[in-house]
>>> print(open('coords.cif').read())   # mmCIF, C-alpha atoms
data_query
#
loop_
_atom_site.label_atom_id
_atom_site.label_comp_id
_atom_site.auth_asym_id
_atom_site.auth_seq_id
_atom_site.Cartn_x
_atom_site.Cartn_y
_atom_site.Cartn_z
CA MET A 6 52.07 107.34 103.82
CA LYS A 7 53.72 103.99 104.44
CA VAL A 8 55.64 102.42 101.56
CA ALA A 9 57.21 98.97 101.52
CA LEU A 10 60.80 98.75 100.30
CA ILE A 11 61.76 95.23 99.28
CA ASP A 12 65.13 93.98 100.51
CA TYR A 13 66.74 91.44 98.14
CA GLY A 14 69.55 90.93 100.65
CA ALA A 15 72.44 92.89 99.13
CA GLY A 16 73.30 96.42 98.23
CA ASN A 17 72.70 99.97 99.33
CA LEU A 18 69.14 100.57 100.50
CA HIS A 19 70.02 103.53 102.73
CA SER A 20 69.98 106.16 100.00
CA LEU A 21 66.64 105.05 98.56
CA ARG A 22 65.11 104.75 101.99
CA LYS A 23 66.27 108.26 102.81
CA ALA A 24 65.05 109.58 99.45
CA LEU A 25 61.59 108.16 100.20
CA GLU A 26 61.66 109.66 103.69
CA VAL A 27 62.72 113.05 102.32
CA GLY A 28 59.73 112.73 99.98
CA GLY A 29 57.44 112.33 102.99
CA ALA A 30 57.03 108.55 103.21
CA GLU A 31 57.34 106.23 106.17
CA VAL A 32 59.46 103.31 104.93
CA ASP A 33 59.07 99.66 105.87
CA THR A 34 62.10 97.72 104.61
CA THR A 35 60.99 94.12 104.32
CA THR A 36 61.36 90.71 102.72
CA ASP A 37 57.79 89.75 103.63
CA TRP A 38 55.29 90.01 100.75
CA ASN A 39 52.29 90.20 103.06
CA ARG A 40 53.72 93.38 104.50
CA ALA A 41 54.91 94.56 101.09
CA LEU A 42 51.40 94.36 99.64
CA SER A 43 49.60 95.92 102.58
CA ALA A 44 51.34 99.32 102.64
CA ALA A 45 50.28 102.30 100.51
CA ALA A 46 52.81 101.47 97.78
CA LEU A 47 55.55 99.05 96.84
CA VAL A 48 59.12 100.04 95.93
CA LEU A 49 61.38 97.55 94.13
CA PRO A 50 64.95 98.82 94.54
CA GLY A 51 67.77 98.61 92.02
CA VAL A 52 70.64 96.83 93.70
CA GLY A 53 71.83 93.27 93.19
CA ALA A 54 71.52 90.68 90.45
CA PHE A 55 68.34 89.43 88.72
CA GLY A 56 68.67 85.95 90.21
CA ALA A 57 68.79 87.31 93.76
CA ALA A 58 65.72 89.46 93.11
CA VAL A 59 63.80 86.47 91.72
CA GLU A 60 64.73 84.52 94.84
CA ALA A 61 63.41 87.36 96.97
CA LEU A 62 60.10 87.02 95.13
CA GLY A 63 59.82 83.67 96.87
CA GLY A 64 57.27 82.24 94.43
CA GLU A 65 54.89 85.18 94.95
CA ALA A 66 55.23 86.57 91.41
CA SER A 67 51.64 85.94 90.32
CA ARG A 68 50.24 87.36 93.55
CA VAL A 69 52.36 90.52 93.19
CA GLN A 70 51.37 90.81 89.53
CA ALA A 71 47.69 90.56 90.43
CA ALA A 72 48.03 93.24 93.11
CA LEU A 73 49.75 95.65 90.69
CA GLN A 74 47.14 94.93 88.01
CA ASP A 75 44.48 95.79 90.58
CA GLY A 76 46.10 99.19 90.98
CA TYR A 77 48.41 98.72 93.97
CA PRO A 78 51.00 101.47 93.30
CA CYS A 79 54.58 100.44 92.56
CA LEU A 80 57.91 102.04 91.66
CA GLY A 81 60.59 99.80 90.16
CA ILE A 82 64.13 101.13 89.95
CA CYS A 83 66.87 99.64 87.73
CA LEU A 84 66.89 95.95 88.71
CA GLY A 85 63.45 96.59 90.22
CA MET A 86 62.29 97.64 86.75
CA GLN A 87 63.71 94.45 85.26
CA LEU A 88 61.88 92.42 87.88
CA LEU A 89 58.55 93.75 86.56
CA PHE A 90 59.23 91.92 83.27
CA PRO A 91 58.68 88.18 82.73
CA GLU A 92 62.37 87.23 82.49
CA SER A 93 65.91 88.44 81.86
CA GLU A 94 68.87 87.34 79.76
CA GLU A 95 71.02 87.80 82.87
CA SER A 96 69.83 84.68 84.65
CA ALA A 97 67.11 82.08 84.83
CA GLY A 98 63.94 82.57 86.81
CA SER A 99 60.65 84.39 86.39
CA GLY A 100 60.01 87.99 87.27
CA ILE A 101 56.69 89.54 88.24
CA GLY A 102 55.63 89.65 84.58
CA LEU A 103 53.44 92.73 84.86
CA ILE A 104 55.05 94.37 81.80
CA PRO A 105 55.20 92.13 78.70
CA GLY A 106 58.57 92.36 76.96
CA ARG A 107 62.14 91.32 77.51
CA VAL A 108 65.28 92.28 79.38
CA ARG A 109 68.38 91.96 77.24
CA ARG A 110 72.07 92.79 77.56
CA LEU A 111 73.18 96.16 76.18
CA ARG A 112 74.88 95.97 72.77
CA SER A 113 76.92 99.16 73.20
CA ARG A 114 80.73 99.03 73.19
CA ILE A 115 81.13 100.31 76.74
CA VAL A 116 79.09 98.19 79.17
CA PRO A 117 78.02 98.82 81.93
CA HIS A 118 76.18 101.95 80.90
CA MET A 119 77.65 103.95 83.76
CA GLY A 120 77.07 107.55 84.64
CA TRP A 121 74.79 110.50 84.00
CA ASN A 122 72.73 110.28 80.84
CA GLN A 123 70.28 112.72 79.32
CA VAL A 124 66.65 111.62 79.47
CA GLU A 125 63.90 112.61 77.03
CA THR A 126 61.00 113.11 79.44
CA SER A 127 57.23 113.46 78.87
CA ASP A 128 54.39 115.21 80.67
CA ASP A 129 53.79 112.23 82.97
CA PRO A 130 53.50 113.47 86.60
CA LEU A 131 56.68 111.48 87.31
CA PHE A 132 58.69 114.20 85.59
CA ALA A 133 57.03 117.32 87.04
CA GLY A 134 59.71 119.96 87.57
CA VAL A 135 62.70 117.86 86.50
CA SER A 136 63.16 118.75 82.85
CA PRO A 137 65.81 118.77 81.41
CA LEU A 138 66.80 115.59 83.22
CA LEU A 139 70.19 113.96 83.68
CA ALA A 140 69.86 110.68 85.54
CA TYR A 141 72.42 108.25 86.96
CA TYR A 142 72.63 104.84 85.26
CA ALA A 143 74.62 101.77 86.31
CA ASN A 144 73.31 99.03 84.05
CA SER A 145 74.41 96.17 81.82
CA TYR A 146 70.84 95.25 80.84
CA VAL A 147 68.00 97.10 79.21
CA CYS A 148 64.21 96.60 79.28
CA GLU A 149 62.22 96.40 76.06
CA PRO A 150 58.46 96.52 76.65
CA GLU A 151 56.28 94.98 73.94
CA ASP A 152 53.89 97.90 74.03
CA PRO A 153 55.73 101.08 72.95
CA SER A 154 52.86 103.24 74.23
CA SER A 155 53.79 102.22 77.79
CA VAL A 156 57.12 104.06 77.39
CA ILE A 157 56.92 107.53 78.94
CA ALA A 158 60.60 108.53 78.57
CA TRP A 159 63.56 107.57 76.37
CA THR A 160 67.33 107.40 76.68
CA GLU A 161 69.99 107.21 74.02
CA TYR A 162 73.36 105.68 74.79
CA GLU A 163 75.97 105.09 72.08
CA ASP A 164 73.81 103.74 69.20
CA GLU A 165 71.02 102.34 71.35
CA ARG A 166 67.70 103.94 72.18
CA PHE A 167 65.68 102.46 75.02
CA ALA A 168 62.96 103.16 77.55
CA ALA A 169 63.93 105.55 80.36
CA ALA A 170 60.56 105.07 82.04
CA VAL A 171 57.64 102.69 81.57
CA ARG A 172 54.18 103.10 83.01
CA SER A 173 51.55 100.45 83.42
CA GLY A 174 48.53 101.73 85.33
CA ARG A 175 49.83 102.80 88.72
CA THR A 176 53.23 101.12 88.26
CA TRP A 177 56.20 103.21 87.20
CA ALA A 178 59.54 101.68 86.24
CA VAL A 179 62.84 103.45 85.54
CA PRO A 180 66.28 102.02 84.64
CA PHE A 181 68.20 104.84 86.31
CA HIS A 182 68.82 105.35 90.03
CA THR A 183 66.48 108.06 91.29
CA GLU A 184 68.19 107.97 94.68
CA LYS A 185 71.59 108.61 93.06
CA SER A 186 70.43 111.30 90.64
CA SER A 187 70.88 114.15 93.11
CA VAL A 188 68.22 116.85 93.50
CA ARG A 189 66.19 115.88 90.42
CA GLY A 190 66.16 112.23 91.37
CA LEU A 191 64.77 113.15 94.79
CA ARG A 192 62.10 115.21 93.06
CA ILE A 193 61.07 112.20 90.96
CA VAL A 194 60.65 110.13 94.13
CA ARG A 195 58.56 112.92 95.66
CA ASN A 196 56.47 113.21 92.48
CA ILE A 197 55.59 109.52 92.65
CA LEU A 198 54.68 109.72 96.32
CA GLU A 199 52.47 112.74 95.67
CA GLU A 200 50.82 111.07 92.69
CA VAL A 201 50.17 107.90 94.67
CA GLY A 202 49.02 109.82 97.74
CA SER A 203 46.60 112.05 95.87
CA ALA A 204 44.72 109.32 94.04
CA MET B 7 70.69 112.27 74.56
CA THR B 8 74.14 111.15 75.56
CA LEU B 9 76.23 110.03 78.46
CA ILE B 10 77.97 112.90 80.27
CA PRO B 11 81.65 112.58 81.32
CA ARG B 12 81.99 112.45 85.09
CA VAL B 13 84.02 114.47 87.57
CA ILE B 14 84.73 112.27 90.59
CA VAL B 15 85.98 113.55 93.94
CA CYS B 16 88.16 111.28 96.09
CA LEU B 17 88.46 111.60 99.87
CA ASP B 18 90.98 109.72 102.02
CA VAL B 19 89.23 108.44 105.14
CA LYS B 20 90.99 107.28 108.29
CA ASP B 21 89.25 106.25 111.51
CA GLY B 22 86.04 107.97 110.43
CA ARG B 23 87.65 111.29 109.47
CA VAL B 24 88.80 112.74 106.17
CA VAL B 25 92.57 113.15 106.22
CA LYS B 26 95.07 114.76 103.93
CA GLY B 27 98.72 113.88 103.52
CA THR B 28 101.18 116.72 103.80
CA GLN B 29 104.72 116.14 102.70
CA PHE B 30 106.47 116.52 106.04
CA ARG B 31 103.85 116.16 108.74
CA GLY B 32 101.98 113.03 107.77
CA LEU B 33 98.20 113.04 107.91
CA ARG B 34 96.11 116.04 108.88
CA ASP B 35 92.42 115.94 109.84
CA VAL B 36 90.38 117.98 107.37
CA GLY B 37 86.82 117.16 108.37
CA ASP B 38 83.79 114.94 108.59
CA PRO B 39 83.31 112.59 105.59
CA VAL B 40 79.53 113.06 105.51
CA GLU B 41 79.74 116.86 105.52
CA LEU B 42 82.51 116.95 102.92
CA ALA B 43 80.77 114.46 100.63
CA ARG B 44 77.57 116.48 100.78
CA ARG B 45 79.41 119.71 100.10
CA TYR B 46 81.01 118.19 97.00
CA GLU B 47 77.62 116.94 95.79
CA GLU B 48 76.27 120.49 96.17
CA GLU B 49 79.25 121.83 94.20
CA GLY B 50 78.44 119.40 91.39
CA ALA B 51 80.59 116.30 91.97
CA ASP B 52 79.14 113.47 89.86
CA GLU B 53 80.42 110.77 92.21
CA VAL B 54 82.34 110.49 95.46
CA VAL B 55 85.06 107.97 96.33
CA PHE B 56 86.13 107.13 99.87
CA LEU B 57 89.56 105.58 100.04
CA ASP B 58 89.96 104.03 103.48
CA VAL B 59 93.52 104.46 104.72
CA SER B 60 92.87 103.11 108.23
CA ALA B 61 95.47 100.60 109.23
CA SER B 62 93.61 99.09 112.18
CA ALA B 63 90.60 96.86 112.72
CA GLU B 64 88.99 99.66 114.75
CA GLY B 65 89.36 101.95 111.75
CA ARG B 66 87.61 99.39 109.55
CA GLY B 67 84.72 99.19 111.99
CA THR B 68 84.40 102.96 111.93
CA LEU B 69 84.34 102.87 108.14
CA TRP B 70 81.10 100.85 108.16
CA GLU B 71 79.43 103.48 110.27
CA THR B 72 80.87 106.32 108.18
CA VAL B 73 79.62 104.77 104.93
CA SER B 74 76.19 104.19 106.41
CA ARG B 75 75.88 107.81 107.60
CA THR B 76 77.09 109.06 104.22
CA ALA B 77 74.67 106.89 102.21
CA ALA B 78 71.73 108.40 104.07
CA ALA B 79 72.84 111.91 103.16
CA LEU B 80 74.51 111.62 99.75
CA PHE B 81 72.41 111.36 96.59
CA VAL B 82 75.16 110.76 94.06
CA PRO B 83 77.04 107.44 93.82
CA LEU B 84 79.54 106.50 96.50
CA THR B 85 82.47 104.18 95.82
CA VAL B 86 84.42 102.75 98.74
CA GLY B 87 87.88 101.22 98.48
CA GLY B 88 90.94 100.41 100.55
CA GLY B 89 91.53 97.19 102.42
CA VAL B 90 88.80 95.15 100.69
CA ARG B 91 89.96 91.53 100.96
CA ALA B 92 87.04 89.17 100.33
CA VAL B 93 83.51 88.91 98.95
CA GLY B 94 82.29 89.28 102.53
CA ASP B 95 83.95 92.71 102.73
CA ILE B 96 82.22 93.73 99.51
CA ALA B 97 78.87 92.54 100.85
CA ASP B 98 79.40 94.41 104.14
CA LEU B 99 80.28 97.70 102.48
CA LEU B 100 77.41 97.52 99.98
CA ARG B 101 75.11 96.71 102.84
CA ALA B 102 76.52 99.69 104.76
CA GLY B 103 75.55 101.95 101.89
CA ALA B 104 78.31 101.98 99.26
CA ASP B 105 77.15 101.81 95.63
CA LYS B 106 80.43 100.43 94.29
CA ILE B 107 83.47 98.79 95.83
CA SER B 108 86.99 99.22 94.49
CA VAL B 109 89.50 96.42 94.84
CA ASN B 110 93.23 96.52 94.17
CA THR B 111 95.69 94.39 96.15
CA ALA B 112 93.23 91.56 96.89
CA ALA B 113 92.31 91.24 93.20
CA VAL B 114 95.97 90.84 92.23
CA ALA B 115 96.39 88.20 94.93
CA ARG B 116 93.20 86.38 93.94
CA PRO B 117 91.64 87.57 90.64
CA GLU B 118 88.52 85.39 91.18
CA LEU B 119 87.44 87.96 93.76
CA LEU B 120 86.37 90.18 90.84
CA SER B 121 84.22 87.49 89.21
CA GLU B 122 82.72 86.40 92.53
CA GLY B 123 81.79 90.00 93.34
CA ALA B 124 80.35 90.57 89.87
CA GLN B 125 78.26 87.40 89.95
CA ARG B 126 76.83 88.12 93.33
CA PHE B 127 76.29 91.87 93.16
CA GLY B 128 76.56 92.75 89.46
CA SER B 129 79.52 94.15 87.50
CA GLN B 130 78.29 97.70 88.00
CA CYS B 131 79.38 97.69 91.63
CA VAL B 132 82.82 96.10 91.19
CA VAL B 133 85.60 98.57 90.39
CA ALA B 134 89.12 97.30 89.63
CA SER B 135 91.60 99.82 90.97
CA ILE B 136 94.98 99.67 89.23
CA ASP B 137 98.06 101.62 90.27
CA ALA B 138 100.50 101.75 87.36
CA ALA B 139 104.07 102.99 87.00
CA ARG B 140 105.85 103.47 83.69
CA GLU B 141 108.95 101.39 82.94
CA GLY B 142 110.30 102.37 79.53
CA GLU B 143 107.66 101.53 76.96
CA ARG B 144 105.31 99.74 79.35
CA TRP B 145 103.50 100.15 82.64
CA VAL B 146 103.67 97.81 85.62
CA ALA B 147 100.90 97.31 88.20
CA TYR B 148 101.65 97.97 91.87
CA THR B 149 99.78 96.91 95.00
CA HIS B 150 99.77 97.87 98.70
CA GLY B 151 99.11 101.54 98.04
CA GLY B 152 101.77 101.77 95.36
CA ARG B 153 104.54 100.30 97.50
CA ARG B 154 104.82 96.80 96.05
CA ARG B 155 105.72 96.03 92.45
CA THR B 156 103.96 93.11 90.74
CA GLN B 157 104.94 91.20 87.61
CA LEU B 158 101.76 92.34 85.88
CA ASP B 159 101.69 94.50 82.80
CA ALA B 160 99.17 97.18 83.83
CA ILE B 161 97.34 97.27 80.49
CA GLY B 162 97.08 93.49 80.27
CA TRP B 163 95.89 93.40 83.88
CA ALA B 164 93.19 95.98 83.11
CA VAL B 165 91.94 93.83 80.23
CA ARG B 166 91.89 90.78 82.49
CA CYS B 167 90.02 92.63 85.27
CA ALA B 168 87.28 93.62 82.81
CA GLU B 169 87.08 90.03 81.51
CA LEU B 170 86.72 88.77 85.06
CA GLY B 171 83.74 91.01 85.65
CA ALA B 172 84.96 94.39 86.90
CA GLY B 173 82.49 96.99 85.66
CA GLU B 174 84.93 99.87 85.77
CA ILE B 175 88.69 100.49 85.85
CA LEU B 176 90.03 103.11 88.25
CA LEU B 177 93.44 103.77 86.73
CA THR B 178 96.01 105.70 88.77
CA SER B 179 99.39 106.75 87.46
CA ILE B 180 101.90 106.42 90.29
CA ASP B 181 104.34 108.64 88.37
CA GLN B 182 101.86 111.47 88.03
CA ASP B 183 100.11 111.09 91.39
CA GLY B 184 100.63 114.26 93.40
CA ALA B 185 102.80 115.87 90.70
CA ARG B 186 99.95 118.07 89.47
CA THR B 187 101.35 118.13 85.93
CA GLY B 188 98.44 116.25 84.33
CA TYR B 189 97.21 112.67 84.05
CA ASP B 190 99.28 110.04 82.23
CA LEU B 191 97.31 110.44 79.02
CA GLU B 192 99.12 107.73 77.11
CA LEU B 193 98.47 105.13 79.81
CA THR B 194 94.83 106.21 80.08
CA ARG B 195 94.28 106.12 76.32
CA ARG B 196 95.95 102.72 75.92
CA VAL B 197 93.76 101.17 78.59
CA ALA B 198 90.58 102.89 77.33
CA GLU B 199 91.25 101.51 73.85
CA ARG B 200 91.70 97.97 75.11
CA VAL B 201 88.79 97.55 77.55
CA THR B 202 85.03 97.80 77.00
CA VAL B 203 84.20 99.08 80.48
CA PRO B 204 84.45 102.72 81.62
CA VAL B 205 87.92 103.98 82.60
CA ILE B 206 88.41 106.54 85.36
CA ALA B 207 91.62 108.57 84.96
CA SER B 208 93.38 109.26 88.23
CA GLY B 209 96.65 110.78 89.45
CA GLY B 210 98.15 114.05 88.33
CA ALA B 211 95.35 116.61 88.14
CA GLY B 212 96.88 120.05 88.65
CA SER B 213 94.28 122.19 86.93
CA PRO B 214 90.80 121.87 85.38
CA ARG B 215 92.41 121.68 81.93
CA HIS B 216 94.05 118.39 82.89
CA LEU B 217 90.61 116.84 83.39
CA ALA B 218 89.58 118.05 79.95
CA GLU B 219 92.65 116.31 78.49
CA ALA B 220 91.89 113.04 80.30
CA LEU B 221 88.32 113.04 78.96
CA THR B 222 89.35 113.83 75.37
CA ALA B 223 92.92 112.76 74.48
CA GLY B 224 92.92 110.18 77.30
CA GLY B 225 89.61 108.62 76.24
CA ALA B 226 88.49 108.32 79.87
CA SER B 227 84.80 108.18 80.85
CA ALA B 228 85.53 109.99 84.10
CA ALA B 229 88.34 111.90 85.77
CA LEU B 230 89.13 111.72 89.45
CA LEU B 231 90.59 114.52 91.51
CA ALA B 232 91.48 115.02 95.12
CA GLY B 233 94.41 117.18 96.24
CA ILE B 234 93.80 120.29 94.20
CA LEU B 235 90.22 120.46 95.45
CA HIS B 236 91.10 119.92 99.08
CA ASP B 237 93.88 122.54 98.83
CA GLY B 238 91.52 125.05 97.29
CA VAL B 239 93.47 125.26 94.01
CA THR B 240 90.16 124.86 92.18
CA THR B 241 86.52 123.92 92.74
CA VAL B 242 84.22 121.37 91.10
CA GLY B 243 82.28 124.30 89.62
CA GLU B 244 85.43 125.79 88.09
CA VAL B 245 86.43 122.38 86.68
CA LYS B 246 83.04 122.06 85.02
CA ARG B 247 83.20 125.58 83.58
CA VAL B 248 86.55 124.78 81.98
CA LEU B 249 85.26 121.45 80.65
CA MET B 250 82.29 123.23 79.11
CA GLN B 251 84.58 125.82 77.50
CA SER B 252 86.54 122.91 76.02
CA GLY B 253 83.34 121.65 74.39
CA ILE B 254 82.79 118.81 76.87
CA GLN B 255 79.26 118.29 78.16
CA VAL B 256 78.90 118.44 81.92
CA ARG B 257 76.17 118.06 84.49
CA ALA B 258 75.31 121.33 86.19
CA ALA B 259 75.19 121.31 89.99
#
>>> encode(input="coords.cif", output="structure tokens")
Amino acid sequence: MKVALIDYGAGNLHSLRKALEVGGAEVDTTTDWNRALSAAALVLPGVGAFGAAVEALGGEASRVQAALQDGYPCLGICLGMQLLFPESEESAGSGIGLIPGRVRRLRSRIVPHMGWNQVETSDDPLFAGVSPLLAYYANSYVCEPEDPSSVIAWTEYEDERFAAAVRSGRTWAVPFHTEKSSVRGLRIVRNILEEVGSA
Amino acid sequence: MTLIPRVIVCLDVKDGRVVKGTQFRGLRDVGDPVELARRYEEEGADEVVFLDVSASAEGRGTLWETVSRTAAALFVPLTVGGGVRAVGDIADLLRAGADKISVNTAAVARPELLSEGAQRFGSQCVVASIDAAREGERWVAYTHGGRRRTQLDAIGWAVRCAELGAGEILLTSIDQDGARTGYDLELTRRVAERVTVPVIASGGAGSPRHLAEALTAGGASAALLAGILHDGVTTVGEVKRVLMQSGIQVRAA
């Protein structure tokens, strides 16, 4: 299965690319949205700043949103998750806007939220075989979807409780780094690929 | 549902190989960075740090290739530091496959480097590395691998680094480094109380218990170790067992 991995122009894509390959995918790293939307699935990686990711969208937000609404599978990781929302407190510019809600700065004392955090998982196929889950976070921002029923996992950090995974149709979004969450993170990537491949 | 304290393993890398300083014979080759990093991930290391100690331009070129090979094989975070001078260096190393970049000497010379890096790549990948030595009731920051004294109060400098955009402070006690008698807990605690970014305690680990102290009395979010692992004094697994016995949550391998 060929998946398109979007390159915003900065940051480590090697680990995610390898994680997808280990999961059985053929990876096309690209900045071209025609290619990105004509693979078997889209992966929005989690490295860089919101502004850079918006720039990489290149004015294609509504087209990407329409494709995802039509059921084109997508995995958004960390910043990639944020990009699925309409906008972010971090910087100006519009995201894909698939998931209504907002992206705000963490209110905890220690920010960034950095390190391995426990995740309250659910029976979504994303989490098959990975419970209990500790996942690696490196975040100053947090996503708050308007629809709480779209949240399929939760995280608590200091006094905050926020979504650890959001699902909208065939789009999954997580704030942690699957590709940096060791064996269980790799399993999550594989779970997604299997779920997407089997449908 | 909480954040788990981290055990971070540091490897000195020179010309594409992991090296170890011995007191009388200089640097000794101890293996391939990719293999060693993977082995430490398997043992349960929560993060890996490469500290590049190459002195030459050729060594720097090799580092890019080493980081890139490691990133394709390592599935815990990788921080790379040593010799980072400019935003371009940060971009190159992130592009090569590092998740975070640590900066020391260049940030003292030009503190804006921290804010430029944070703006472009996000605070979470900019680590301010501070080497501190005690002088009476205070600590002074050093650069150039601990060889050059600055005028900076180490605690004040840590606060400033966080204000400028560093997402983490890697705090090494020069006095304790290599002594194996424990981290400088007072230094660690003072910095952890003053900044609102995670603090990594470094320098002085002689036993697993020392890491437990750094994570409790020291108030650190993470503890870094190197020598005692490479010398076989302990293992990451043993460290985590001791942490657990001390009532500290850990991530199992």
>>> axis_aligned_box(input="coords.cif", around="stretch 127-133 of chain B", padding_each_side="6 Å", output="AutoDock Vina command-line options")
--center_x 80.9 --center_y 95.2 --center_z 90.3 --size_x 21.3 --size_y 18.7 --size_z 17.7
>>> resolve_selection(input="coords.cif", expression="the PyMOL selection byres ((chain A and resi 119-135) around 9)", output="ChimeraX atom specification")
/A:115-118,136-145,157-162,169-170,177,181,186,188-190,192-197,200 /B:7-12,52-53,130,173-174,203-204,227-228,257
>>> closest_residue(input="coords.cif", among="A:Gly106, A:Glu165, A:Ala54, A:Glu184", to="B:Ala124", atoms="all atoms listed in the file")
A:Ala54
>>> atom_distance(input="coords.cif", atom1="atom CA of B:Leu177", atom2="atom CA of B:Lys246")
21.1 Å
>>> residues_around(input="coords.cif", residues="B:Arg155", least_positions_apart="3", cutoff="10 Å", atoms="all atoms listed in the file", output="JSON, numbers by chain")
{"B": [137, 138, 139, 146, 147, 148, 149, 150, 152, 158]}
>>> write_last_selection(input="coords.cif", atoms="C-alpha atoms", output="short mmCIF file (atom, residue, chain, number, x, y, z; two decimals), in the coordinates of the input")
data_model
loop_
_atom_site.label_atom_id
_atom_site.label_comp_id
_atom_site.auth_asym_id
_atom_site.auth_seq_id
_atom_site.Cartn_x
_atom_site.Cartn_y
_atom_site.Cartn_z
CA ASP B 137 98.06 101.62 90.27
CA ALA B 138 100.50 101.75 87.36
CA ALA B 139 104.07 102.99 87.00
CA VAL B 146 103.67 97.81 85.62
CA ALA B 147 100.90 97.31 88.20
CA TYR B 148 101.65 97.97 91.87
CA THR B 149 99.78 96.91 95.00
CA HIS B 150 99.77 97.87 98.70
CA GLY B 152 101.77 101.77 95.36
CA LEU B 158 101.76 92.34 85.88
#
>>> resolve_selection(input="coords.cif", expression="the PyMOL selection byres ((chain B and resi 207-219) around 7)", output="count of residues only")
31
>>> closest_residue(input="coords.cif", among="A:Gly53, A:Gly14, A:Gly63, A:Gly76", to="chain B", atoms="all atoms listed in the file")
A:Gly53
>>> residues_around(input="coords.cif", residues="A:Ser173", least_positions_apart="6", cutoff="9 Å", atoms="all atoms listed in the file", output="PyMOL selection string")
chain A and resi 73-74+103-104+155-156
>>> closest_residue(input="coords.cif", among="A:Leu198, A:Gln87, A:Val27, A:His19", to="B:Thr76", atoms="all atoms listed in the file")
A:His19
>>> atom_distance(input="coords.cif", atom1="atom CA of B:Gln157", atom2="atom CA of B:Val114")
10.1 Å
>>> closest_residue(input="coords.cif", among="A:Ile101, A:Leu21, A:Leu47, A:Leu111", to="A:Ala66", atoms="all atoms listed in the file")
A:Ile101
>>> build_atoms(input="coords.cif", residues="stretch 171-175 of chain B", atoms="all heavy atoms", output="PDB file, in the coordinates of the input")
ATOM      1  N   GLY B 171      85.025  90.499  85.190  1.00  0.00           N
ATOM      2  CA  GLY B 171      83.740  91.010  85.650  1.00  0.00           C
ATOM      3  C   GLY B 171      83.749  92.394  86.263  1.00  0.00           C
ATOM      4  O   GLY B 171      82.687  92.907  86.640  1.00  0.00           O
ATOM      5  N   ALA B 172      84.937  93.016  86.383  1.00  0.00           N
ATOM      6  CA  ALA B 172      84.960  94.390  86.900  1.00  0.00           C
ATOM      7  C   ALA B 172      84.169  95.272  85.943  1.00  0.00           C
ATOM      8  O   ALA B 172      84.310  95.164  84.727  1.00  0.00           O
ATOM      9  CB  ALA B 172      86.397  94.895  87.024  1.00  0.00           C
ATOM     10  N   GLY B 173      83.338  96.143  86.497  1.00  0.00           N
ATOM     11  CA  GLY B 173      82.490  96.990  85.660  1.00  0.00           C
ATOM     12  C   GLY B 173      83.101  98.333  85.367  1.00  0.00           C
ATOM     13  O   GLY B 173      82.533  99.140  84.626  1.00  0.00           O
ATOM     14  N   GLU B 174      84.266  98.583  85.943  1.00  0.00           N
ATOM     15  CA  GLU B 174      84.930  99.870  85.770  1.00  0.00           C
ATOM     16  C   GLU B 174      86.400  99.711  86.145  1.00  0.00           C
ATOM     17  O   GLU B 174      86.722  98.878  86.996  1.00  0.00           O
ATOM     18  CB  GLU B 174      84.271 100.905  86.696  1.00  0.00           C
ATOM     19  CG  GLU B 174      84.105 102.268  86.097  1.00  0.00           C
ATOM     20  CD  GLU B 174      83.172 103.163  86.923  1.00  0.00           C
ATOM     21  OE1 GLU B 174      82.765 102.809  88.043  1.00  0.00           O
ATOM     22  OE2 GLU B 174      82.849 104.229  86.422  1.00  0.00           O
ATOM     23  N   ILE B 175      87.265 100.498  85.500  1.00  0.00           N
ATOM     24  CA  ILE B 175      88.690 100.490  85.850  1.00  0.00           C
ATOM     25  C   ILE B 175      89.050 101.866  86.404  1.00  0.00           C
ATOM     26  O   ILE B 175      88.889 102.874  85.709  1.00  0.00           O
ATOM     27  CB  ILE B 175      89.587 100.212  84.612  1.00  0.00           C
ATOM     28  CG1 ILE B 175      89.172  98.924  83.880  1.00  0.00           C
ATOM     29  CG2 ILE B 175      91.061 100.200  85.022  1.00  0.00           C
ATOM     30  CD1 ILE B 175      89.495  97.633  84.581  1.00  0.00           C
TER      31      ILE B 175
END
